[in-house]
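Novice: Questions regarding the structure given below will be posed in turn.
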Amino acid sequence: MNVTQVSIFIENKPGHLQKVLKTLADSGINIISLTIAESKDFGVLRLIVNNPSKALESLTENHILCSSTDVLAIEIGNEPGSLYRAIDSFSKMNLNIEYMYAFSQRVNNNAVMIFRFDDIEAAKKALSETKHKIIKNTDIVGE
Amino acid sequence: MMFKKEVETMREAEMKELQLERLKWSLSHAYNNNKLYHDKFDGAGFNPDKFKSLEDMKHVPFLTKQEMRDAYPFGLFAVPLDKVVRIHSSSGTTGNATIGGLTKNDVAVFGEIVARSICACGGSEKDIIQVAFGYGLFTGGLGLHFGTETLGALSVPISGGNTERQLMLIKDFGTTIIACTPSYAINVADYIERNKPDYDMRSTNLRKAILGSEPWSERMREEIEKRLHIDAYDIYGLSEVMGPGVSAECTEKSGLHLCEDHFYAEIIDPQTGELLPEGSSGEIVYTSLTKEAFPTIRYRSKDLTRLYRDSCKCGRTLIKMERVSGRCDDMLIIRGVNVFPSQIEHVLMQVEGIAPHYQIILDRKTAMDDVEVMVEVSESGFSDKLTGLEALKKRLAEKLKNVLGVSMKVTLVEPMTIERSEGKAKRVIDKRIM
């Protein structure tokens, strides 16, 4: 199982992020990680939340344009070279990372790195040698 | 100076006689040599042989822009194609364009009406005229060009844009008159202010601007005259009738003298189509009197104006029309190009990834018209990757530019954010101050 990211279209204007966050708050959604990619007049909000399907449902009900995206989440050990080894293996397989971001876990000091690939399975395969732990949805939000 | 004094100062009664005689010819020419007109006249029960006085005009059926489009490309021609020497076209997509053709004689008439217009604003064969209208299918560039040559003045066919070069040639060639759109004239003033503060127009020979192909106002005239230190004159025309020069302002700057020996104009109620008495405001309808290649018979221009006669100090007796005050359809004139919101809609419908809701915002923050098309992204157009959305935006902008001939800024907005109204959707917000 991959991690489900919620992607949301927002205009780059005051009040638009607020509206999205209010919708999520009102539906009892907890945000675990958030990142925004912005252009001049719009942006894409990318979220890891505790309940992606409920989040998508309430966003859609409120006419907020969103989609779910499968992303690769891996644990990056709190030591030098851990991220390098992951990236190195992607590089060797000639895999392009569309975007990436990180957040830290509650349970240990390790970081979780989120990667967006066009071919997520190939990316997983590339990691088979590196012993990186691949995170599932359940690892993030519990069973 | 007048280019054709005997016509331009003709007594009204004499002019009407001339118009009647030419109308008889023009109506018969259209009826006998063009199937579309033939069928139209028959359908309306109108027989050109029975046309005896100007009063009979009301029996002649109107020609609409849609009929002209449907006749694309040469359906309204009344001469064999080998007699046609030049083609002009209105802006628009292939299916929306209206085509005008000119015979050798028509080219001469076109040249003459422009030459008259140049003289009307005080120009003469001694002038050096920089034609900064676009050259091509558009009637502006070639129209002013041939008019300049017909007059015997010197034409500088620089075409539109490239302000740096325009300014250089004004200086180097000693240009005395520039012909362009009013918004381009303001653009030139802005350019000087921003980039060439040392460029002093007063030290050049430029004295006049002949401006047209776009609606403008007295306020704009004042601005252009003050900032460029010149006199600005309005020239009016439409490719469906011929092109610039159908009417033009004289040095009095109060109304445009219509070349009524070549174009018979009527004012109608745009709602009912009823003919209104002289002096009323309404939609102006044109009938060509001398045109051979494509007769324009009672063409509904959708331009709103007023026709009147006064004793103009310039000495011309030609009927005058007021500056066009607006349109009675939803046509937009953007940087001199005619655009219908329906054309924009048509383009948007063909692109995957957006909802069929849009809004067009026109503004004139800088000198040139800014057009922003706001479209709602749909589920199929949304992607978590910014590049996908940027590509959608680019695809839309390119398609709009290709089809309409005008660059527009595309803005992607969230779904359900463009106002839905019960009745007629507010598709166009025009913030331009004319």
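Every chain in the structure tokens has a letter given in the order shown (A, B, ...), and although residue numbers restart at 1 in each chain, ligands are simply numbered from 1 in the order shown.
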Among the residues of range 2-143 of chain A, find those DSSP assigns to strand (DSSP E) from the backbone and print them as a ChimeraX atom specification.
Specialist: /A:3-11,31-38,42-49,66-76,99-104,111-116
Novice: Skipping near chain neighbours, those fewer than 6 positions away, what residues fall within 10 Å of range 55-61 of chain A using only C-alpha atoms, listed as JSON, numbers by chain?
Specialist: {"A": [6, 7, 8, 20, 21, 23, 24, 25, 26, 27, 28, 29, 30, 31, 47, 49, 67, 68]}
Novice: Return the neighbours of chain A among the residues of chain B, cut-off 7 Å, counting only C-alpha atoms, as a PyMOL selection string.
Specialist: chain B and resi 379+384+386+413-416
Novice: Mind writing the picked residues with C-alpha atoms as a PDB file, in the first residue's frame?
Specialist:
```pdb
ATOM      1  CA  GLU B 379     -11.592  17.551 -12.348  1.00  0.00           C
ATOM      2  CA  ASP B 384      -1.178  17.480  -8.405  1.00  0.00           C
ATOM      3  CA  LEU B 386       2.162  22.266 -11.206  1.00  0.00           C
ATOM      4  CA  VAL B 413      -9.679  29.648 -11.090  1.00  0.00           C
ATOM      5  CA  GLU B 414     -11.362  27.313  -8.643  1.00  0.00           C
ATOM      6  CA  PRO B 415     -14.615  25.590  -9.597  1.00  0.00           C
ATOM      7  CA  MET B 416     -17.872  27.358  -8.772  1.00  0.00           C
TER       8      MET B 416
END
```
Novice: What gap, in Å, lies between CA of Gly381 in chain B and CA of Ile354 in chain B?
Specialist: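 Those two atoms sit 6.0 Å apart.
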Novice: Would you mind telling me which residue in A:Asn110, A:Thr138, A:Asn94, A:Thr4 lies nearest to Asn78 in chain A when using only C-alpha atoms?
Specialist: A:Asn110
Novice: Looking at only C-alpha atoms, which of B:Arg364, B:Lys35, B:Arg202, B:Lys291 is the one that sits closest to Leu102 in chain B?
Specialist: B:Lys291
Novice: Counting only C-alpha atoms, which of A:Asn50, A:Gly77, A:Lys19, A:Leu83 gets nearest to Ser104 in chain A?
Specialist: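 Distance minimum relative to Ser104 in chain A lands on A:Gly77.
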Novice: Excluding Cys119 in chain B and any residue of its chain fewer than 2 positions from it, enumerate the residues within 9 Å of it, using only C-alpha atoms, and give them as a list of chain:residue names.
Specialist: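 Using only C-alpha atoms, the neighbours found are B:Met1, B:Met2, B:Phe3, B:Val114, B:Ala115, B:Arg116, B:Ser117, B:Cys121, B:Gly122, B:Gly123, B:Ser124, B:Glu125, B:Leu151, B:Cys250.
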Novice: Would you export the selected residues with N, CA and C atoms as a compact mmCIF listing (two decimals), in the first residue's frame, please?
Specialist:
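Contents of again11.txt, freshly written:
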```
# COMPACT_ATOMS: atom_id res chain seq x y z
N MET B 1 -7.48 71.55 -47.55
CA MET B 1 -7.48 71.02 -48.91
C MET B 1 -8.46 69.85 -49.02
N MET B 2 -9.15 69.78 -50.15
CA MET B 2 -10.06 68.66 -50.38
C MET B 2 -9.55 67.82 -51.54
N PHE B 3 -9.67 66.53 -51.41
CA PHE B 3 -9.16 65.65 -52.46
C PHE B 3 -10.13 65.62 -53.64
N VAL B 114 -9.62 57.08 -48.60
CA VAL B 114 -8.57 57.29 -47.59
C VAL B 114 -7.83 58.60 -47.88
N ALA B 115 -7.58 58.86 -49.16
CA ALA B 115 -6.92 60.12 -49.54
C ALA B 115 -7.76 61.31 -49.08
N ARG B 116 -9.08 61.20 -49.26
CA ARG B 116 -9.97 62.27 -48.79
C ARG B 116 -9.85 62.44 -47.28
N SER B 117 -9.78 61.30 -46.58
CA SER B 117 -9.69 61.36 -45.11
C SER B 117 -8.41 62.05 -44.66
N CYS B 121 -8.16 65.94 -42.55
CA CYS B 121 -7.54 66.36 -41.30
C CYS B 121 -6.36 67.30 -41.56
N GLY B 122 -6.30 67.81 -42.78
CA GLY B 122 -5.29 68.82 -43.08
C GLY B 122 -4.04 68.28 -43.74
N GLY B 123 -4.07 67.00 -44.13
CA GLY B 123 -2.90 66.42 -44.79
C GLY B 123 -2.86 66.78 -46.26
N SER B 124 -1.71 66.58 -46.88
CA SER B 124 -1.58 66.85 -48.32
C SER B 124 -0.50 65.94 -48.89
N GLU B 125 -0.25 66.11 -50.18
CA GLU B 125 0.76 65.28 -50.84
C GLU B 125 2.16 65.55 -50.29
N LEU B 151 -3.05 59.84 -52.71
CA LEU B 151 -2.92 61.28 -52.47
C LEU B 151 -1.61 61.81 -53.05
N CYS B 250 -12.83 65.97 -40.01
CA CYS B 250 -12.10 67.07 -40.61
C CYS B 250 -11.42 67.84 -39.48
```
Novice: Could you give me, as a list of chain:residue names, the residues within 12 Å of Gly326 in chain B, counting only C-alpha atoms and dropping anything in the same chain fewer than 3 positions from it?
Specialist: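 Near neighbours after the sequence-gap exclusion: B:Glu214, B:Pro215, B:Trp216, B:Ser217, B:Ser281, B:Gly282, B:Glu283, B:Ile284, B:Ser301, B:Lys302, B:Asp303, B:Leu304, B:Thr305, B:Arg306, B:Glu322, B:Arg323, B:Asp329, B:Asp330, B:Met331, B:Leu332, B:Ile333, B:Met434.
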Novice: Excluding Glu398 in chain B and residues on its chain fewer than 3 positions from it, collect all residues at most 12 Å away from it, counting only C-alpha atoms, and give them as a tab-separated table (two decimals) with N, CA and C atoms, in the first residue's frame.
Specialist:
```tsv
chain	number	residue	atom	x	y	z
B	347	VAL	N	-13.76	28.22	-28.36
B	347	VAL	CA	-12.39	27.73	-28.15
B	347	VAL	C	-12.31	26.96	-26.84
B	348	LEU	N	-12.91	27.53	-25.79
B	348	LEU	CA	-12.82	26.91	-24.48
B	348	LEU	C	-13.48	25.54	-24.46
B	351	VAL	N	-11.31	22.55	-25.38
B	351	VAL	CA	-10.14	22.19	-24.58
B	351	VAL	C	-10.57	21.36	-23.39
B	391	ALA	N	0.77	23.70	-18.15
B	391	ALA	CA	0.63	23.28	-19.55
B	391	ALA	C	-0.80	23.52	-20.04
B	392	LEU	N	-1.77	23.28	-19.18
B	392	LEU	CA	-3.17	23.53	-19.54
B	392	LEU	C	-3.38	25.01	-19.84
B	393	LYS	N	-2.81	25.84	-19.00
B	393	LYS	CA	-2.91	27.28	-19.16
B	393	LYS	C	-2.28	27.73	-20.49
B	394	LYS	N	-1.13	27.18	-20.78
B	394	LYS	CA	-0.42	27.53	-21.99
B	394	LYS	C	-1.19	27.09	-23.22
B	395	ARG	N	-1.74	25.87	-23.12
B	395	ARG	CA	-2.52	25.32	-24.24
B	395	ARG	C	-3.71	26.23	-24.55
B	401	LYS	N	-5.11	32.53	-28.93
B	401	LYS	CA	-4.32	33.42	-29.78
B	401	LYS	C	-4.41	32.99	-31.26
B	402	ASN	N	-4.31	31.69	-31.48
B	402	ASN	CA	-4.38	31.17	-32.85
B	402	ASN	C	-5.71	31.46	-33.51
B	403	VAL	N	-6.77	31.22	-32.76
B	403	VAL	CA	-8.09	31.34	-33.36
B	403	VAL	C	-8.56	32.79	-33.44
B	404	LEU	N	-8.30	33.57	-32.41
B	404	LEU	CA	-8.84	34.92	-32.36
B	404	LEU	C	-7.86	35.99	-32.82
B	405	GLY	N	-6.59	35.65	-32.81
B	405	GLY	CA	-5.60	36.63	-33.26
B	405	GLY	C	-5.27	37.68	-32.20
B	406	VAL	N	-5.65	37.44	-30.98
B	406	VAL	CA	-5.34	38.38	-29.90
B	406	VAL	C	-4.74	37.59	-28.74
B	407	SER	N	-3.67	38.10	-28.17
B	407	SER	CA	-3.11	37.43	-27.00
B	407	SER	C	-3.97	37.73	-25.79
B	408	MET	N	-4.26	36.71	-25.04
B	408	MET	CA	-5.06	36.90	-23.83
B	408	MET	C	-4.37	36.19	-22.68
B	409	LYS	N	-4.51	36.78	-21.52
B	409	LYS	CA	-3.97	36.15	-20.34
B	409	LYS	C	-5.01	35.16	-19.83
B	410	VAL	N	-4.59	33.93	-19.62
B	410	VAL	CA	-5.51	32.93	-19.10
B	410	VAL	C	-5.26	32.77	-17.60
```
Novice: Apply DSSP to the structure's backbone, then extract all residues of chain A labelled helix (DSSP H, G or I) and return them as a PyMOL selection string.
Specialist: chain A and resi 16-26+52-61+82-92+120-129+137-141
